[in-house]
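K.L.:
run.cif (mmCIF, C-alpha atoms) pasted underneath:
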data_input
loop_
_atom_site.group_PDB
_atom_site.id
_atom_site.type_symbol
_atom_site.label_atom_id
_atom_site.label_comp_id
_atom_site.auth_asym_id
_atom_site.auth_seq_id
_atom_site.Cartn_x
_atom_site.Cartn_y
_atom_site.Cartn_z
ATOM 1 C CA MET A 1 129.583 25.488 121.903
ATOM 2 C CA GLU A 2 126.803 27.445 123.608
ATOM 3 C CA GLN A 3 129.189 28.321 126.434
ATOM 4 C CA ASN A 4 131.791 29.573 123.930
ATOM 5 C CA GLN A 5 129.165 31.790 122.232
ATOM 6 C CA ARG A 6 128.163 33.338 125.572
ATOM 7 C CA SER A 7 131.809 33.949 126.405
ATOM 8 C CA SER A 8 132.343 35.595 123.032
ATOM 9 C CA LEU A 9 129.291 37.864 123.455
ATOM 10 C CA GLN A 10 130.395 38.836 126.953
ATOM 11 C CA SER A 11 133.876 39.752 125.781
ATOM 12 C CA ASN A 12 132.387 41.878 122.989
ATOM 13 C CA ASP A 13 130.176 43.716 125.497
ATOM 14 C CA GLU A 14 133.162 44.420 127.705
ATOM 15 C CA LYS A 15 135.144 45.592 124.713
ATOM 16 C CA ASN A 16 132.403 48.056 123.715
ATOM 17 C CA ASN A 17 131.744 49.107 127.345
ATOM 18 C CA VAL A 18 128.113 48.058 127.073
ATOM 19 C CA ASP A 19 126.263 47.074 130.228
ATOM 20 C CA SER A 20 124.261 44.107 128.987
ATOM 21 C CA SER A 21 122.369 43.871 132.269
ATOM 22 C CA GLY A 22 120.827 47.361 132.111
ATOM 23 C CA PRO A 23 119.196 49.741 129.636
ATOM 24 C CA SER A 24 121.402 51.089 126.880
ATOM 25 C CA ASN A 25 121.799 54.781 126.091
ATOM 26 C CA ASN A 26 122.400 53.948 122.442
ATOM 27 C CA PRO A 27 119.429 54.205 120.076
ATOM 28 C CA PRO A 28 117.843 50.806 119.431
ATOM 29 C CA ILE A 29 118.535 49.322 116.032
ATOM 30 C CA GLY A 30 115.423 49.491 113.898
ATOM 31 C CA GLY A 31 113.492 51.209 116.707
ATOM 32 C CA LYS A 32 112.322 54.760 117.464
ATOM 33 C CA VAL A 33 114.469 57.317 119.227
ATOM 34 C CA ASP A 34 113.002 59.590 121.899
ATOM 35 C CA PHE A 35 114.219 62.844 120.403
ATOM 36 C CA TYR A 36 113.345 65.048 123.374
ATOM 37 C CA ALA A 37 114.987 62.648 125.818
ATOM 38 C CA ALA A 38 118.061 62.596 123.636
ATOM 39 C CA MET A 39 118.124 66.380 123.668
ATOM 40 C CA ASN A 40 117.838 66.459 127.455
ATOM 41 C CA ASN A 41 120.618 63.919 127.845
ATOM 42 C CA SER A 42 122.918 65.638 125.377
ATOM 43 C CA ASN A 43 125.891 67.701 126.369
ATOM 44 C CA GLN A 44 124.700 70.701 124.324
ATOM 45 C CA PRO A 45 124.747 73.969 126.286
ATOM 46 C CA PRO A 46 121.429 75.749 126.943
ATOM 47 C CA PRO A 47 120.386 78.555 124.564
ATOM 48 C CA SER A 48 122.583 81.597 124.860
ATOM 49 C CA MET A 49 121.371 84.894 126.282
ATOM 50 C CA ASP A 50 122.461 86.409 122.981
ATOM 51 C CA ASP A 51 119.859 84.467 120.950
ATOM 52 C CA GLU A 52 117.611 87.511 120.653
ATOM 53 C CA MET A 53 120.537 89.634 119.504
ATOM 54 C CA ILE A 54 121.415 87.007 116.894
ATOM 55 C CA MET A 55 117.804 86.942 115.716
ATOM 56 C CA ASN A 56 117.747 90.719 115.381
ATOM 57 C CA SER A 57 121.045 90.593 113.528
ATOM 58 C CA SER A 58 119.613 88.026 111.105
ATOM 59 C CA ARG A 59 116.529 90.171 110.607
ATOM 60 C CA ILE A 60 118.664 93.220 109.848
ATOM 61 C CA ARG A 61 120.754 91.254 107.367
ATOM 62 C CA ARG A 62 117.676 90.023 105.507
ATOM 63 C CA ILE A 63 116.042 93.439 105.395
ATOM 64 C CA GLU A 64 119.281 94.945 104.073
ATOM 65 C CA TYR A 65 119.343 92.352 101.302
ATOM 66 C CA LEU A 66 115.865 93.547 100.353
ATOM 67 C CA ARG A 67 116.383 97.288 100.662
ATOM 68 C CA ARG A 68 119.774 97.326 98.956
ATOM 69 C CA ALA A 69 118.802 94.684 96.370
ATOM 70 C CA ILE A 70 121.886 92.612 97.172
ATOM 71 C CA ASP A 71 122.139 89.714 94.691
ATOM 72 C CA SER A 72 118.473 90.157 93.757
ATOM 73 C CA ASP A 73 117.220 87.837 91.037
ATOM 74 C CA CYS A 74 113.599 88.903 90.461
ATOM 75 C CA GLN A 75 111.318 91.926 90.572
ATOM 76 C CA ILE A 76 107.854 92.968 91.681
ATOM 77 C CA HIS A 77 106.176 95.690 89.635
ATOM 78 C CA VAL A 78 103.400 97.681 91.291
ATOM 79 C CA GLN A 79 101.163 100.006 89.337
ATOM 80 C CA ASN A 80 101.315 103.478 90.854
ATOM 81 C CA MET A 81 98.898 106.110 89.569
ATOM 82 C CA SER A 82 99.651 109.710 90.416
ATOM 83 C CA VAL A 83 96.871 112.077 91.459
ATOM 84 C CA THR A 84 96.531 115.642 90.209
ATOM 85 C CA PRO A 85 95.946 118.528 92.668
ATOM 86 C CA ASP A 86 92.222 118.538 91.833
ATOM 87 C CA GLY A 87 91.911 114.873 92.808
ATOM 88 C CA GLN A 88 91.794 113.474 89.286
ATOM 89 C CA ALA A 89 93.806 110.470 88.129
ATOM 90 C CA GLY A 90 97.134 111.412 86.616
ATOM 91 C CA SER A 91 99.842 109.442 84.851
ATOM 92 C CA VAL A 92 100.513 105.768 85.468
ATOM 93 C CA CYS A 93 103.956 104.515 86.406
ATOM 94 C CA TYR A 94 105.350 101.399 88.049
ATOM 95 C CA LYS A 95 107.177 101.026 91.317
ATOM 96 C CA THR A 96 109.819 98.305 91.071
ATOM 97 C CA PHE A 97 110.953 96.201 94.019
ATOM 98 C CA GLU A 98 114.114 94.164 93.607
ATOM 99 C CA CYS A 99 113.854 90.939 95.586
ATOM 100 C CA HIS A 100 114.919 87.315 95.856
ATOM 101 C CA ARG A 101 113.070 84.401 94.354
ATOM 102 C CA ILE A 102 113.857 81.975 97.158
ATOM 103 C CA PHE A 103 112.472 84.321 99.817
ATOM 104 C CA LEU A 104 109.259 84.816 97.866
ATOM 105 C CA ALA A 105 108.864 81.122 97.080
ATOM 106 C CA THR A 106 109.137 80.058 100.715
ATOM 107 C CA SER A 107 106.574 82.593 101.958
ATOM 108 C CA SER A 108 103.501 80.601 100.908
ATOM 109 C CA GLU A 109 102.330 77.725 98.768
ATOM 110 C CA LYS A 110 100.780 80.199 96.328
ATOM 111 C CA MET A 111 104.080 82.009 95.890
ATOM 112 C CA GLU A 112 105.940 78.740 95.467
ATOM 113 C CA THR A 113 103.544 77.659 92.727
ATOM 114 C CA ASP A 114 103.587 80.992 90.904
ATOM 115 C CA ILE A 115 107.282 81.792 90.851
ATOM 116 C CA PHE A 116 109.239 78.663 91.732
ATOM 117 C CA LYS A 117 107.383 75.790 90.133
ATOM 118 C CA ASN A 118 106.221 77.762 87.121
ATOM 119 C CA PRO A 119 108.686 77.062 84.277
ATOM 120 C CA ASN A 120 107.330 80.003 82.267
ATOM 121 C CA TRP A 121 107.849 82.636 84.942
ATOM 122 C CA ASN A 122 109.931 85.498 83.546
ATOM 123 C CA GLY A 123 111.269 86.852 86.835
ATOM 124 C CA VAL A 124 108.711 89.670 87.164
ATOM 125 C CA LEU A 125 105.661 89.527 89.435
ATOM 126 C CA GLN A 126 103.011 92.086 88.496
ATOM 127 C CA MET A 127 100.787 93.481 91.262
ATOM 128 C CA ASN A 128 97.906 95.796 90.409
ATOM 129 C CA GLY A 129 95.178 97.264 92.571
ATOM 130 C CA VAL A 130 97.325 97.718 95.678
ATOM 131 C CA SER A 131 99.560 100.539 96.849
ATOM 132 C CA PRO A 132 103.372 100.451 96.731
ATOM 133 C CA GLU A 133 103.363 101.080 100.486
ATOM 134 C CA SER A 134 101.395 97.903 101.128
ATOM 135 C CA VAL A 135 103.728 95.876 98.903
ATOM 136 C CA GLN A 136 106.716 97.262 100.816
ATOM 137 C CA ILE A 137 105.172 96.020 104.075
ATOM 138 C CA PHE A 138 104.274 92.726 102.394
ATOM 139 C CA LEU A 139 107.881 92.147 101.325
ATOM 140 C CA GLU A 140 109.368 93.176 104.655
ATOM 141 C CA TYR A 141 107.086 90.679 106.360
ATOM 142 C CA ILE A 142 108.253 87.917 104.006
ATOM 143 C CA TYR A 143 111.880 88.690 104.823
ATOM 144 C CA THR A 144 111.557 89.257 108.585
ATOM 145 C CA PHE A 145 108.228 87.695 109.700
ATOM 146 C CA GLU A 146 107.414 91.049 111.303
ATOM 147 C CA VAL A 147 105.348 94.125 110.546
ATOM 148 C CA ASP A 148 107.444 96.997 111.794
ATOM 149 C CA SER A 149 107.275 99.851 109.324
ATOM 150 C CA PRO A 150 106.431 103.552 109.550
ATOM 151 C CA LEU A 151 104.210 102.946 106.514
ATOM 152 C CA VAL A 152 101.666 101.035 108.632
ATOM 153 C CA GLY A 153 98.328 102.815 108.703
ATOM 154 C CA LEU A 154 94.600 102.160 108.623
ATOM 155 C CA ASN A 155 94.430 103.705 105.154
ATOM 156 C CA ILE A 156 96.112 100.666 103.555
ATOM 157 C CA ILE A 157 94.435 97.898 105.541
ATOM 158 C CA GLY A 158 92.349 97.035 102.481
ATOM 159 C CA ASP A 159 95.476 96.561 100.364
ATOM 160 C CA ILE A 160 97.078 94.374 103.029
ATOM 161 C CA PHE A 161 93.901 92.300 103.127
ATOM 162 C CA ILE A 162 94.073 91.802 99.349
ATOM 163 C CA LEU A 163 97.733 90.749 99.468
ATOM 164 C CA SER A 164 97.309 88.406 102.421
ATOM 165 C CA ASN A 165 94.420 86.644 100.695
ATOM 166 C CA ALA A 166 95.849 86.616 97.184
ATOM 167 C CA TYR A 167 99.091 85.026 98.364
ATOM 168 C CA GLN A 168 97.617 82.875 101.169
ATOM 169 C CA MET A 169 99.343 84.673 104.045
ATOM 170 C CA PRO A 170 96.665 85.284 106.723
ATOM 171 C CA GLU A 171 99.365 85.810 109.325
ATOM 172 C CA LEU A 172 100.372 88.998 107.476
ATOM 173 C CA MET A 173 96.914 90.491 108.004
ATOM 174 C CA ALA A 174 96.938 89.489 111.668
ATOM 175 C CA ALA A 175 100.367 91.035 112.280
ATOM 176 C CA PHE A 176 99.405 94.219 110.425
ATOM 177 C CA PHE A 177 96.189 94.621 112.416
ATOM 178 C CA GLU A 178 98.062 94.246 115.705
ATOM 179 C CA LYS A 179 100.221 97.212 114.697
ATOM 180 C CA VAL A 180 97.284 99.284 113.462
ATOM 181 C CA LYS A 181 95.455 98.813 116.759
ATOM 182 C CA GLU A 182 98.235 100.723 118.501
ATOM 183 C CA GLN A 183 97.614 103.850 116.411
ATOM 184 C CA ASP A 184 95.152 106.722 116.559
ATOM 185 C CA TRP A 185 92.870 106.329 113.561
ATOM 186 C CA PRO A 186 92.123 109.330 111.330
ATOM 187 C CA LEU A 187 88.390 109.726 110.769
ATOM 188 C CA VAL A 188 88.894 109.785 107.009
ATOM 189 C CA ASP A 189 90.109 106.164 107.074
ATOM 190 C CA VAL A 190 87.461 104.699 109.383
ATOM 191 C CA ILE A 191 84.545 104.298 106.942
ATOM 192 C CA PRO A 192 86.551 102.279 104.346
ATOM 193 C CA ALA A 193 87.940 100.086 107.139
ATOM 194 C CA PHE A 194 84.431 99.490 108.471
ATOM 195 C CA ASP A 195 83.194 98.588 104.994
ATOM 196 C CA LEU A 196 86.007 96.036 104.675
ATOM 197 C CA ALA A 197 85.231 94.494 108.068
ATOM 198 C CA PHE A 198 81.493 94.430 107.330
ATOM 199 C CA ARG A 199 82.086 92.522 104.094
ATOM 200 C CA GLN A 200 84.371 89.880 105.578
ATOM 201 C CA CYS A 201 83.885 87.183 108.186
ATOM 202 C CA GLY A 202 86.390 86.968 111.010
ATOM 203 C CA MET A 203 86.990 90.711 111.314
ATOM 204 C CA ALA A 204 84.642 91.415 114.211
ATOM 205 C CA GLU A 205 87.272 93.246 116.247
ATOM 206 C CA LEU A 206 88.047 95.655 113.425
ATOM 207 C CA GLU A 207 84.336 96.238 112.844
ATOM 208 C CA GLN A 208 83.683 96.985 116.513
ATOM 209 C CA MET A 209 86.646 99.336 116.800
ATOM 210 C CA CYS A 210 85.371 101.234 113.770
ATOM 211 C CA LEU A 211 81.846 101.437 115.205
ATOM 212 C CA ASP A 212 83.217 102.805 118.470
ATOM 213 C CA ILE A 213 84.463 105.747 116.405
ATOM 214 C CA ILE A 214 81.639 105.979 113.865
ATOM 215 C CA ILE A 215 78.715 106.239 116.278
ATOM 216 C CA PRO A 216 79.844 109.220 118.389
ATOM 217 C CA ASN A 217 81.363 111.011 115.378
ATOM 218 C CA GLY A 218 78.334 110.612 113.129
ATOM 219 C CA MET A 219 77.910 114.304 112.306
ATOM 220 C CA GLN A 220 81.465 114.492 111.005
ATOM 221 C CA LEU A 221 81.535 111.155 109.238
ATOM 222 C CA VAL A 222 78.197 111.628 107.494
ATOM 223 C CA ASN A 223 80.000 114.119 105.247
ATOM 224 C CA GLU A 224 82.806 111.723 104.303
ATOM 225 C CA PRO A 225 82.993 111.052 100.529
ATOM 226 C CA SER A 226 83.937 107.433 101.281
ATOM 227 C CA LEU A 227 80.329 106.805 102.347
ATOM 228 C CA MET A 228 79.373 106.992 98.679
ATOM 229 C CA LYS A 229 81.477 103.882 97.973
ATOM 230 C CA ILE A 230 80.426 101.490 100.732
ATOM 231 C CA GLN A 231 78.131 98.547 100.080
ATOM 232 C CA LEU A 232 74.392 98.969 100.601
ATOM 233 C CA TYR A 233 74.234 96.577 103.545
ATOM 234 C CA ALA A 234 76.898 98.566 105.384
ATOM 235 C CA LEU A 235 75.100 101.833 104.624
ATOM 236 C CA ASN A 236 71.828 100.378 105.904
ATOM 237 C CA TYR A 237 73.528 99.339 109.135
ATOM 238 C CA LEU A 238 75.066 102.767 109.718
ATOM 239 C CA VAL A 239 71.814 104.597 108.990
ATOM 240 C CA GLN A 240 69.988 102.451 111.546
ATOM 241 C CA LEU A 241 72.713 102.998 114.154
ATOM 242 C CA TRP A 242 72.725 106.753 113.671
ATOM 243 C CA MET A 243 68.920 106.796 113.888
ATOM 244 C CA ALA A 244 68.833 104.668 117.049
ATOM 245 C CA THR A 245 71.492 106.735 118.799
ATOM 246 C CA GLU A 246 70.081 110.021 117.434
ATOM 247 C CA THR A 247 73.613 110.966 116.458
ATOM 248 C CA VAL A 248 72.619 112.286 113.027
ATOM 249 C CA PRO A 249 69.340 114.173 112.425
ATOM 250 C CA ARG A 250 66.721 112.573 110.214
ATOM 251 C CA GLU A 251 66.955 115.304 107.562
ATOM 252 C CA ARG A 252 70.697 114.774 107.211
ATOM 253 C CA LEU A 253 70.239 111.024 106.817
ATOM 254 C CA VAL A 254 67.698 111.553 104.044
ATOM 255 C CA GLN A 255 70.177 113.867 102.340
ATOM 256 C CA LEU A 256 72.809 111.148 102.685
ATOM 257 C CA LEU A 257 70.513 108.691 100.900
ATOM 258 C CA GLN A 258 69.889 111.190 98.114
ATOM 259 C CA ASP A 259 73.612 111.738 97.656
ATOM 260 C CA TYR A 260 74.311 107.997 97.705
ATOM 261 C CA GLN A 261 71.556 107.345 95.179
ATOM 262 C CA ALA A 262 72.887 109.977 92.791
ATOM 263 C CA ALA A 263 76.519 108.870 93.172
ATOM 264 C CA ASN A 264 75.667 105.237 92.411
ATOM 265 C CA GLY A 265 72.967 105.737 89.787
ATOM 266 C CA LEU A 266 70.292 103.867 91.725
ATOM 267 C CA ASN A 267 66.795 103.956 90.208
ATOM 268 C CA PHE A 268 64.072 101.630 88.972
ATOM 269 C CA ASN A 269 66.380 100.463 86.181
ATOM 270 C CA SER A 270 68.889 99.118 88.727
ATOM 271 C CA VAL A 271 67.132 95.782 89.013
ATOM 272 C CA VAL A 272 69.780 94.218 91.273
ATOM 273 C CA ARG A 273 70.749 96.988 93.673
ATOM 274 C CA PHE A 274 67.649 99.181 93.816
ATOM 275 C CA PRO A 275 65.526 96.679 95.804
ATOM 276 C CA HIS A 276 68.221 96.692 98.498
ATOM 277 C CA PHE A 277 68.270 100.485 98.469
ATOM 278 C CA THR A 278 64.509 100.619 99.026
ATOM 279 C CA LYS A 279 65.013 98.652 102.262
ATOM 280 C CA ILE A 280 66.916 101.660 103.611
ATOM 281 C CA ILE A 281 64.260 104.061 102.342
ATOM 282 C CA LYS A 282 61.626 102.177 104.347
ATOM 283 C CA HIS A 283 63.205 103.496 107.546
ATOM 284 C CA PHE A 284 61.684 106.842 106.510
ATOM 285 C CA PRO A 285 57.985 106.180 105.749
ATOM 286 C CA ASP A 286 57.300 109.713 104.493
ATOM 287 C CA ILE A 287 59.943 109.612 101.725
ATOM 288 C CA LEU A 288 58.506 109.836 98.209
ATOM 289 C CA LEU A 289 60.013 108.667 94.919
ATOM 290 C CA ASP A 290 59.584 110.240 91.508
ATOM 291 C CA ALA A 291 58.800 108.381 88.287
ATOM 292 C CA GLU A 292 62.406 107.180 87.928
ATOM 293 C CA GLY A 293 62.759 106.125 91.550
ATOM 294 C CA SER A 294 64.738 109.115 92.814
ATOM 295 C CA ILE A 295 64.074 110.407 96.327
ATOM 296 C CA ILE A 296 62.055 113.602 96.558
ATOM 297 C CA GLN A 297 61.237 115.513 99.733
#
Just give me the structure as C-alpha cells.
P.N.:
Amino acid sequence: MEQNQRSSLQSNDEKNNVDSSGPSNNPPIGGKVDFYAAMNNSNQPPPSMDDEMIMNSSRIRRIEYLRRAIDSDCQIHVQNMSVTPDGQAGSVCYKTFECHRIFLATSSEKMETDIFKNPNWNGVLQMNGVSPESVQIFLEYIYTFEVDSPLVGLNIIGDIFILSNAYQMPELMAAFFEKVKEQDWPLVDVIPAFDLAFRQCGMAELEQMCLDIIIPNGMQLVNEPSLMKIQLYALNYLVQLWMATETVPRERLVQLLQDYQAANGLNFNSVVRFPHFTKIIKHFPDILLDAEGSIIQ
C-alpha cells in the first residue's frame, strides 16, 4: 500500500510539473511569501521612463479638479477682512474654496476625524485667523503633495505654520519653508518671521536666516512697526544683539523701548509682563522710570 501511495504522489507531481526533489517557486501553504523576491522573479517590466510624466499628469488632473471645482462636495470658508487705504480694518467677507471631502479626509488624521468620521459635519469647514492665500497653498498641497505656487512668500509663513499644526501636517510647513528659502526676503516680513521662529522649537534654521538679515540691517528694521508686536523675549534678544554689534545707537534703542512700552501699555499695573520688560531696561542702567513705570530720559 505504501508503494502505491508513493506512486500516486509521484504521478501527481509529474502531472503538476512540480520538481519534488528541489525548492518550489510556488508560495508555501500556510507560510510567508518573500514579497521582494517574488517581485524580482516576476515577469513585470521595469518602471517606464514615462513615470514622471504620468505623475505630473496626475498632479495636473487633481489640481484642475480643485481649481475648477469639478464634482466638489464640500467647502472651506475663510474669513477675509479688507483693509482701508489708511490701514484700518474694513468690511468682512468670506473666501469660499470648493473642494472634495475624500481628498481632505485623507490628508491627515485630524481632517479625517473632523470631516469624515463626524456625523454632524455639514459640509463646510470654517477657517479663521489665516489668509486665503495660505489656505490656497494648503489645499494645493493636499491635492498634489507639493508647494509650487506664486503665492508662496515669507509674509504668510505664520499662517502656514498655523494650518500645518492645526491639521497635523508638519510636512506642509517643511515643504513651504524649502520654497521660501529660495526667495529674496523683504525686510518688512523678516521681524514677524523671526518672532515666529523664536517662539517655536525646531525652527532654528528660520531663526538664523532671519538674524543674518536683522543684524546688519538694524537701522532700517528698528523702525518697523512689526517690532511693536513681537514677544518680550524676542525683543530682549534683538536689543542685546544690536547693542553687542553696535548696529543701532543706544539712544535709538531706548526710543524703541519707549515706543514698545506705549504700544503695549506696559507699566507697574502690568503685573505679568512688566517684570519681563524691566529685564530689558536693565541693559541701560541710566534709564529712569516715572511714578507709573514709564521710561523717562
K.L.:
Just the number, please: distance in Å from CA of Asp259 in chain A to CA of Thr247 in chain A, one decimal.
P.N.:
18.8 Å
K.L.:
Go through A:Leu125, A:Leu238, A:Val135, A:Ser107 and flag the residue nearest Ile191 in chain A, using only C-alpha atoms for the distances.
P.N.:
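Smallest distance to Ile191 in chain A is found for A:Leu238.
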K.L.:
Give me the residues within 10 Å of Glu64 in chain A as a ChimeraX atom specification, counting only C-alpha atoms and dropping any in the same chain fewer than 6 places off.
P.N.:
/A:58,70,143
K.L.:
Enumerate, as a VMD selection string, the residues matched when the PyMOL selection byres ((chain A and resi 250) around 12) is run on the file above.
P.N.:
chain A and resid 219 222 239 to 249 251 to 257 281 283 to 287
K.L.:
Nearest residue to Phe176 in chain A out of A:Leu154, A:Met111, A:Val190, A:Ile295, using only C-alpha atoms?
P.N.:
A:Leu154
K.L.:
May I have the residues within 12 Å of Glu112 in chain A as a VMD selection string, using all atoms listed in the file and disregarding those fewer than 4 positions away in the same chain?
P.N.:
chain A and resid 101 to 108 116 to 119 121 167 to 168
K.L.:
Could you give me, as an mmCIF file with C-alpha atoms, keeping the file's coordinate frame, the residues within 8 Å of Asp195 in chain A, counting only C-alpha atoms and dropping anything in the same chain fewer than 4 positions from it?
P.N.:
data_model
loop_
_atom_site.group_PDB
_atom_site.id
_atom_site.type_symbol
_atom_site.label_atom_id
_atom_site.label_comp_id
_atom_site.auth_asym_id
_atom_site.auth_seq_id
_atom_site.Cartn_x
_atom_site.Cartn_y
_atom_site.Cartn_z
ATOM 1 C CA ILE A 191 84.545 104.298 106.942
ATOM 2 C CA ARG A 199 82.086 92.522 104.094
ATOM 3 C CA ILE A 230 80.426 101.490 100.732
ATOM 4 C CA GLN A 231 78.131 98.547 100.080
ATOM 5 C CA ALA A 234 76.898 98.566 105.384
#
K.L.:
Just to confirm, what's the straight-line distance from CA of Thr144 in chain A to CA of Asp184 in chain A in Å (one decimal)?
P.N.:
25.3 Å
K.L.:
What does the distance from CA of Phe97 in chain A to CA of Ser131 in chain A come to in Å, to one decimal?
P.N.:
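About the pair CA of Phe97 in chain A and CA of Ser131 in chain A: they are 12.5 Å apart.
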K.L.:
Exactly which residues make up the result of the PyMOL selection byres ((chain A and resi 62) around 12) on this file, given as a list in words?
P.N.:
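Those residues are Met55, Asn56, Ser57, Ser58, Arg59, Ile60, Arg61, Ile63, Glu64, Tyr65, Leu66, Arg67, Arg68, Ala69, Ile70, Asp71, Ser72, Cys99, His100, Phe103, Leu139, Glu140, Tyr141, Ile142, Tyr143, Thr144, Phe145 and Glu146 of chain A.
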